[in-house]
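A.B. asks: For reference, this is my_file15.txt, and it has compact mmCIF, C-alpha atoms.
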# COMPACT_ATOMS: atom_id res chain seq x y z
CA MET A 28 8.39 -18.65 -17.91
CA ALA A 29 5.60 -20.54 -16.31
CA SER A 30 3.41 -18.53 -13.98
CA CYS A 31 3.58 -19.23 -10.25
CA ALA A 32 0.93 -18.97 -7.54
CA ALA A 33 -0.27 -15.42 -7.75
CA SER A 34 -3.06 -14.63 -5.34
CA SER A 35 -3.09 -14.52 -1.58
CA GLU A 36 -5.53 -17.45 -1.55
CA GLU A 37 -2.89 -19.63 -3.19
CA GLU A 38 -0.41 -18.89 -0.42
CA SER A 39 -2.03 -21.53 1.77
CA THR A 40 -1.55 -24.22 -0.89
CA THR A 41 1.41 -26.56 -0.56
CA THR A 42 3.70 -26.31 -3.61
CA ASP A 43 7.09 -27.53 -4.72
CA PHE A 44 8.62 -24.05 -5.02
CA ARG A 45 11.99 -23.43 -3.38
CA CYS A 46 14.05 -20.42 -2.36
CA VAL A 47 16.91 -20.21 -4.85
CA GLN A 48 19.26 -18.91 -2.15
CA CYS A 49 18.93 -21.63 0.49
CA GLY A 50 16.59 -24.24 -1.01
CA PHE A 51 13.93 -23.78 1.68
CA PRO A 52 10.35 -24.66 0.54
CA VAL A 53 8.07 -21.67 -0.08
CA LYS A 54 4.34 -21.61 -0.77
CA THR A 55 4.49 -19.01 -3.52
CA LEU A 56 7.15 -16.96 -5.30
CA TYR A 57 5.22 -13.75 -5.83
CA ILE A 58 1.90 -12.10 -5.14
CA GLN A 59 0.13 -10.42 -8.04
CA TYR A 60 -2.04 -7.43 -7.15
CA SER A 61 -2.92 -6.52 -10.72
CA PRO A 62 -1.57 -7.29 -14.23
CA GLY A 63 2.08 -6.23 -14.26
CA ASN A 64 2.01 -5.35 -10.55
CA ILE A 65 3.67 -8.08 -8.47
CA ARG A 66 5.62 -8.32 -5.26
CA LEU A 67 8.31 -10.95 -4.86
CA VAL A 68 7.95 -13.06 -1.73
CA LYS A 69 10.82 -13.38 0.73
CA CYS A 70 12.02 -16.70 2.08
CA GLY A 71 10.96 -17.49 5.63
CA ASN A 72 14.34 -19.11 6.31
CA CYS A 73 17.05 -16.80 4.91
CA LYS A 74 14.81 -13.69 4.60
CA ALA A 75 16.10 -13.05 1.06
CA VAL A 76 13.89 -12.78 -2.04
CA ALA A 77 12.83 -16.34 -2.78
CA ASP A 78 13.42 -16.17 -6.54
CA GLY A 79 14.77 -13.02 -8.17
CA TYR A 80 14.99 -14.71 -11.58
CA ILE A 81 11.27 -14.05 -12.08
CA GLU A 82 12.11 -10.44 -12.94
CA CYS A 83 15.37 -11.19 -14.77
CA GLU A 84 16.05 -11.62 -18.48
CA VAL A 85 16.56 -15.17 -19.74
CA MET A 86 20.15 -14.30 -20.72
CA ILE A 87 21.03 -13.64 -17.07
CA LEU A 88 19.72 -17.10 -16.14
CA ILE A 89 21.74 -18.69 -18.96
CA LEU A 90 24.92 -16.92 -17.85
CA ASP A 91 24.39 -18.03 -14.25
CA LEU A 92 23.87 -21.61 -15.44
CA ILE A 93 27.12 -21.44 -17.40
CA LEU A 94 28.82 -20.09 -14.26
CA HIS A 95 27.33 -23.05 -12.34
CA LYS A 96 25.55 -20.94 -9.73
CA PRO A 97 23.40 -23.24 -7.54
CA LYS A 98 20.59 -20.68 -7.33
CA ALA A 99 20.15 -20.82 -11.12
CA TYR A 100 19.82 -24.61 -10.97
CA ARG A 101 17.25 -24.36 -8.15
CA HIS A 102 15.20 -21.96 -10.25
CA VAL A 103 15.20 -24.33 -13.24
CA PHE A 104 14.45 -27.52 -11.30
CA TYR A 105 11.92 -26.18 -8.80
CA ASN A 106 10.41 -22.89 -9.95
CA MET A 107 10.63 -22.58 -13.71
CA PHE A 108 8.04 -25.14 -14.76
CA SER A 109 4.51 -25.21 -13.39
CA LYS A 110 2.76 -28.57 -13.23
CA GLU A 111 -0.48 -26.87 -14.26
CA THR A 112 0.92 -25.38 -17.49
CA VAL A 113 3.66 -27.83 -18.54
CA ASN A 114 3.19 -31.47 -19.53
CA PHE A 115 6.15 -32.96 -17.66
CA GLU A 116 6.03 -36.31 -19.46
CA SER A 117 6.01 -34.70 -22.92
CA LEU A 118 8.78 -32.25 -22.01
CA LEU A 119 10.92 -35.02 -20.53
CA TRP A 120 10.78 -37.29 -23.58
CA LYS A 121 11.42 -34.42 -25.99
CA LEU A 122 14.55 -33.52 -24.01
CA VAL A 123 15.61 -37.18 -23.91
CA LEU A 124 15.23 -37.38 -27.71
CA VAL A 125 17.45 -34.32 -28.23
CA TYR A 126 19.95 -35.66 -25.69
CA GLY A 127 20.11 -39.03 -27.46
CA MET A 128 20.53 -37.51 -30.94
CA LEU A 129 23.42 -35.36 -29.71
CA ASP A 130 25.05 -38.45 -28.19
CA ILE A 131 24.67 -40.29 -31.51
CA TYR A 132 26.29 -37.39 -33.35
CA LYS A 133 29.11 -37.36 -30.80
CA MET A 134 29.74 -41.08 -31.31
CA TRP A 135 29.67 -40.60 -35.08
CA VAL A 136 32.32 -37.86 -34.89
CA LEU A 137 34.55 -39.95 -32.64
CA SER A 138 34.22 -43.05 -34.81
CA THR A 139 35.01 -41.23 -38.06
CA ASN A 140 38.50 -40.29 -39.09
CA GLU A 141 39.01 -36.67 -40.15
CA LYS A 142 40.03 -37.79 -43.65
CA GLU A 143 36.89 -39.80 -44.27
CA TYR A 144 34.18 -37.50 -42.97
CA THR A 145 31.61 -38.86 -45.45
CA MET A 146 28.29 -40.64 -45.30
CA PRO A 147 28.12 -44.41 -45.96
CA ALA A 148 28.00 -45.45 -49.62
CA SER A 149 24.56 -47.11 -49.48
CA PHE A 150 21.38 -46.55 -47.52
CA THR A 151 21.59 -50.07 -46.08
CA SER A 152 25.07 -49.49 -44.68
CA PHE A 153 23.89 -46.17 -43.28
CA LEU A 154 21.02 -47.85 -41.45
CA LEU A 155 23.36 -50.55 -40.14
CA GLU A 156 25.86 -47.99 -38.84
CA PHE A 157 23.11 -45.83 -37.37
CA GLY A 158 21.62 -48.88 -35.64
CA LYS A 159 24.97 -49.73 -34.07
CA MET A 160 25.38 -46.17 -32.83
CA LEU A 161 21.83 -46.05 -31.48
CA THR A 162 22.37 -49.33 -29.62
CA GLY A 163 25.64 -48.06 -28.18
CA VAL A 164 24.11 -44.76 -27.05
CA MET A 165 21.08 -46.45 -25.45
CA PHE A 166 23.24 -49.03 -23.66
CA GLY A 167 25.76 -46.43 -22.46
CA ASN A 168 23.08 -44.09 -21.14
CA LEU A 169 21.20 -46.95 -19.49
CA ILE A 170 24.36 -47.84 -17.56
CA PHE A 171 24.91 -44.15 -16.81
CA ILE A 172 21.42 -43.62 -15.34
CA CYS A 173 21.45 -46.89 -13.37
CA VAL A 174 24.86 -46.19 -11.82
CA LEU A 175 23.88 -42.60 -11.06
CA PHE A 176 20.57 -43.60 -9.49
CA CYS A 177 22.06 -46.40 -7.35
CA SER A 178 25.07 -44.32 -6.31
CA THR A 179 22.81 -41.43 -5.33
CA ARG A 180 20.84 -43.68 -3.01
CA LYS A 181 23.96 -45.24 -1.49
CA LEU A 182 26.41 -42.33 -1.24
CA LEU A 183 24.32 -39.16 -0.98
CA ASN A 184 21.91 -37.81 1.62
CA ALA A 185 19.24 -40.49 2.13
CA ALA A 186 16.72 -37.90 3.38
CA THR A 187 16.62 -36.14 0.03
CA ILE A 188 16.90 -38.96 -2.50
CA PHE A 189 15.07 -38.77 -5.81
CA HIS A 190 11.41 -39.73 -5.89
CA GLY A 191 11.91 -41.76 -9.06
CA TRP A 192 14.01 -42.41 -12.12
CA LYS A 193 12.05 -39.84 -14.16
CA GLN A 194 13.10 -37.05 -11.83
CA MET A 195 16.70 -38.27 -12.03
CA LEU A 196 16.48 -38.40 -15.82
CA PHE A 197 15.04 -34.88 -16.02
CA VAL A 198 17.76 -33.41 -13.80
CA ILE A 199 20.57 -35.08 -15.76
CA VAL A 200 19.21 -34.21 -19.21
CA VAL A 201 18.55 -30.56 -18.33
CA SER A 202 21.93 -30.11 -16.63
CA SER A 203 23.64 -31.55 -19.72
CA TYR A 204 22.75 -28.43 -21.70
CA PHE A 205 26.43 -28.02 -22.71
CA LYS A 206 25.88 -30.84 -25.22
CA ILE A 207 24.09 -28.29 -27.40
CA PHE A 208 27.52 -26.93 -28.36
CA LEU A 209 28.03 -30.12 -30.36
CA LEU A 210 25.79 -28.49 -32.96
CA ALA A 211 28.55 -25.97 -33.62
CA MET A 212 30.69 -28.82 -34.94
CA MET A 213 28.14 -29.29 -37.72
CA VAL A 214 28.76 -25.73 -38.92
CA TRP A 215 32.40 -25.04 -38.14
CA GLU A 216 35.40 -27.36 -38.26
CA PHE A 217 36.60 -28.23 -34.78
CA PRO A 218 38.99 -31.00 -33.75
CA SER A 219 37.35 -33.94 -32.06
CA SER A 220 39.26 -33.01 -28.88
CA VAL A 221 36.66 -30.26 -28.36
CA ILE A 222 34.27 -33.06 -27.37
CA VAL A 223 36.44 -33.72 -24.31
CA ILE A 224 36.01 -30.09 -23.21
CA ILE A 225 32.24 -30.34 -23.67
CA ASP A 226 32.20 -33.59 -21.64
CA VAL A 227 34.10 -31.91 -18.79
CA PHE A 228 31.55 -29.07 -18.69
CA VAL A 229 28.68 -31.59 -18.74
CA LEU A 230 30.28 -33.48 -15.84
CA SER A 231 30.69 -30.31 -13.78
CA SER A 232 27.12 -29.20 -14.55
CA ASN A 233 25.70 -32.62 -13.60
CA THR A 234 27.67 -32.43 -10.35
CA VAL A 235 26.21 -29.05 -9.37
CA ALA A 236 22.70 -30.19 -10.33
CA LEU A 237 23.04 -33.34 -8.21
CA LYS A 238 24.35 -31.31 -5.27
CA VAL A 239 21.41 -28.90 -5.52
CA ILE A 240 18.76 -31.63 -5.73
CA THR A 241 20.16 -33.85 -2.97
CA ASN A 242 21.55 -31.11 -0.69
CA SER A 243 24.75 -33.15 -0.52
CA VAL A 244 28.34 -31.96 -0.37
CA MET A 245 30.15 -31.20 -3.62
CA ARG A 246 32.78 -33.90 -3.05
CA ARG A 247 30.25 -36.73 -2.86
CA SER A 248 28.25 -35.39 -5.80
CA LEU A 249 31.41 -35.22 -7.90
CA LEU A 250 32.31 -38.79 -6.94
CA VAL A 251 28.90 -40.10 -8.01
CA CYS A 252 28.91 -38.21 -11.32
CA ALA A 253 32.52 -39.13 -12.10
CA LEU A 254 31.78 -42.81 -11.51
CA ALA A 255 28.72 -42.75 -13.78
CA HIS A 256 30.45 -40.73 -16.51
CA GLY A 257 33.51 -42.96 -16.33
CA LEU A 258 31.53 -46.13 -16.95
CA LYS A 259 29.58 -44.44 -19.74
CA CYS A 260 32.80 -43.26 -21.43
CA PHE A 261 34.28 -46.75 -21.17
CA THR A 262 31.18 -48.20 -22.85
CA SER A 263 31.22 -45.50 -25.56
CA GLU A 264 34.92 -45.97 -26.30
CA SER A 265 34.39 -49.72 -26.67
CA LYS A 266 31.55 -49.08 -29.11
CA VAL A 267 33.65 -46.55 -31.06
CA PHE A 268 36.44 -49.12 -31.36
CA VAL A 269 33.96 -51.64 -32.76
CA LEU A 270 32.67 -49.10 -35.28
CA GLN A 271 36.18 -48.18 -36.44
CA SER A 272 37.24 -51.82 -36.91
Just dump the structure as structure tokens.
C.D. replies:
Amino acid sequence: MASCAASSEEESTTTDFRCVQCGFPVKTLYIQYSPGNIRLVKCGNCKAVADGYIECEVMILILDLILHKPKAYRHVFYNMFSKETVNFESLLWKLVLVYGMLDIYKMWVLSTNEKEYTMPASFTSFLLEFGKMLTGVMFGNLIFICVLFCSTRKLLNAATIFHGWKQMLFVIVVSSYFKIFLLAMMVWEFPSSVIVIIDVFVLSSNTVALKVITNSVMRRSLLVCALAHGLKCFTSESKVFVLQS
């Protein structure tokens, strides 16, 4: 976990840290007196410990993310990565690459019948099929991000809109961590209907993430995410139909 502001001198510096309980900005998350000797800072708004995840095991954070606890999402989006130690651009594009490859695999599973779960006969046909899938995934996700970005500006709290499309992209990609379970389908045989369950979890996770970042109500966040996911699914299903025909 990236280190946060540690000394009392850093307390006067403006940072992007947030209290995981209420979302109130804080200058620092802990004060370090000596190596291994730290004191967690309390939030000036709710008076609770600003971020207790600093002293927690990673597994606890993962479980809270799976349970969709808003405080876990605040920790990941605001407090987990330090701008001084993490190259945001590099991290973002690596996550986007993984996200895109999982989407391609998902489209490949949906476009392949269970009886013909084989690779194309020639390398040329493989490249052609892969190119079609890549185009479909890029087009579907472009629509998804555009609809999500525009809907966020129109329907959610205007005072807390995203600073840019990169921030929006980072929030969506990170909160889509349930897509990683698609890898299990490479090892064990699961019906393609499992993909629907994964998509539902991704939708719910995106909704909580959007609510946390925009400080909006859950109903509006769900409406925005459902609209974006719906258009993306429609685009993907059209592309799958083309691949099957």
A.B. asks: Hey, can you check how far atom CA of Tyr57 of chain A sits from atom CA of Asn242 of chain A?
C.D. replies: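 Here the two named atoms are 24.4 Å from each other.
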A.B. asks: Between atom CA of Leu230 of chain A and atom CA of Arg45 of chain A, what is the distance in Å, rounded to a tenth?
C.D. replies: 24.3 Å
A.B. asks: Name all residues at most 12 Å from Leu169 of chain A (count only C-alpha atoms; drop same-chain ones fewer than 4 positions away) and give them as a VMD selection string.
C.D. replies: chain A and resid 127 162 to 165 173 to 176 192 196 255 to 256 258 to 259 262 to 263
A.B. asks: Given all atoms listed in the file as the basis, pick out the residue of A:Leu249, A:Val229, A:Val68, A:Leu210 nearest to Lys133 of chain A.
C.D. replies: A:Leu210
A.B. asks: Show me, as a PyMOL selection string, the residues that have an atom within 10 Å of Arg101 of chain A when counting all atoms listed in the file, minus same-chain residues fewer than 4 positions from it.
C.D. replies: chain A and resi 44-50+78+96-97+105-107+236+239-240
A.B. asks: For a quick check of understanding, using only C-alpha atoms, which of A:Ile207, A:Leu129, A:Leu88, A:Val201 has the smallest distance to Ser232 of chain A?
C.D. replies: A:Val201
A.B. asks: Rounded to one decimal place, report the atom CA of Cys252 of chain A-atom CA of Lys159 of chain A distance in Å.
C.D. replies: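 Computing it gives 25.8 Å between the two atoms.
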A.B. asks: Check the smallest atom-to-atom distance from each of A:Leu56, A:Val136, A:Ile87, A:Ile81 to Met212 of chain A using all atoms listed in the file, then report the winner.
C.D. replies: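 Of A:Leu56, A:Val136, A:Ile87, A:Ile81, the one nearest Met212 of chain A is A:Val136, counting all atoms listed in the file.
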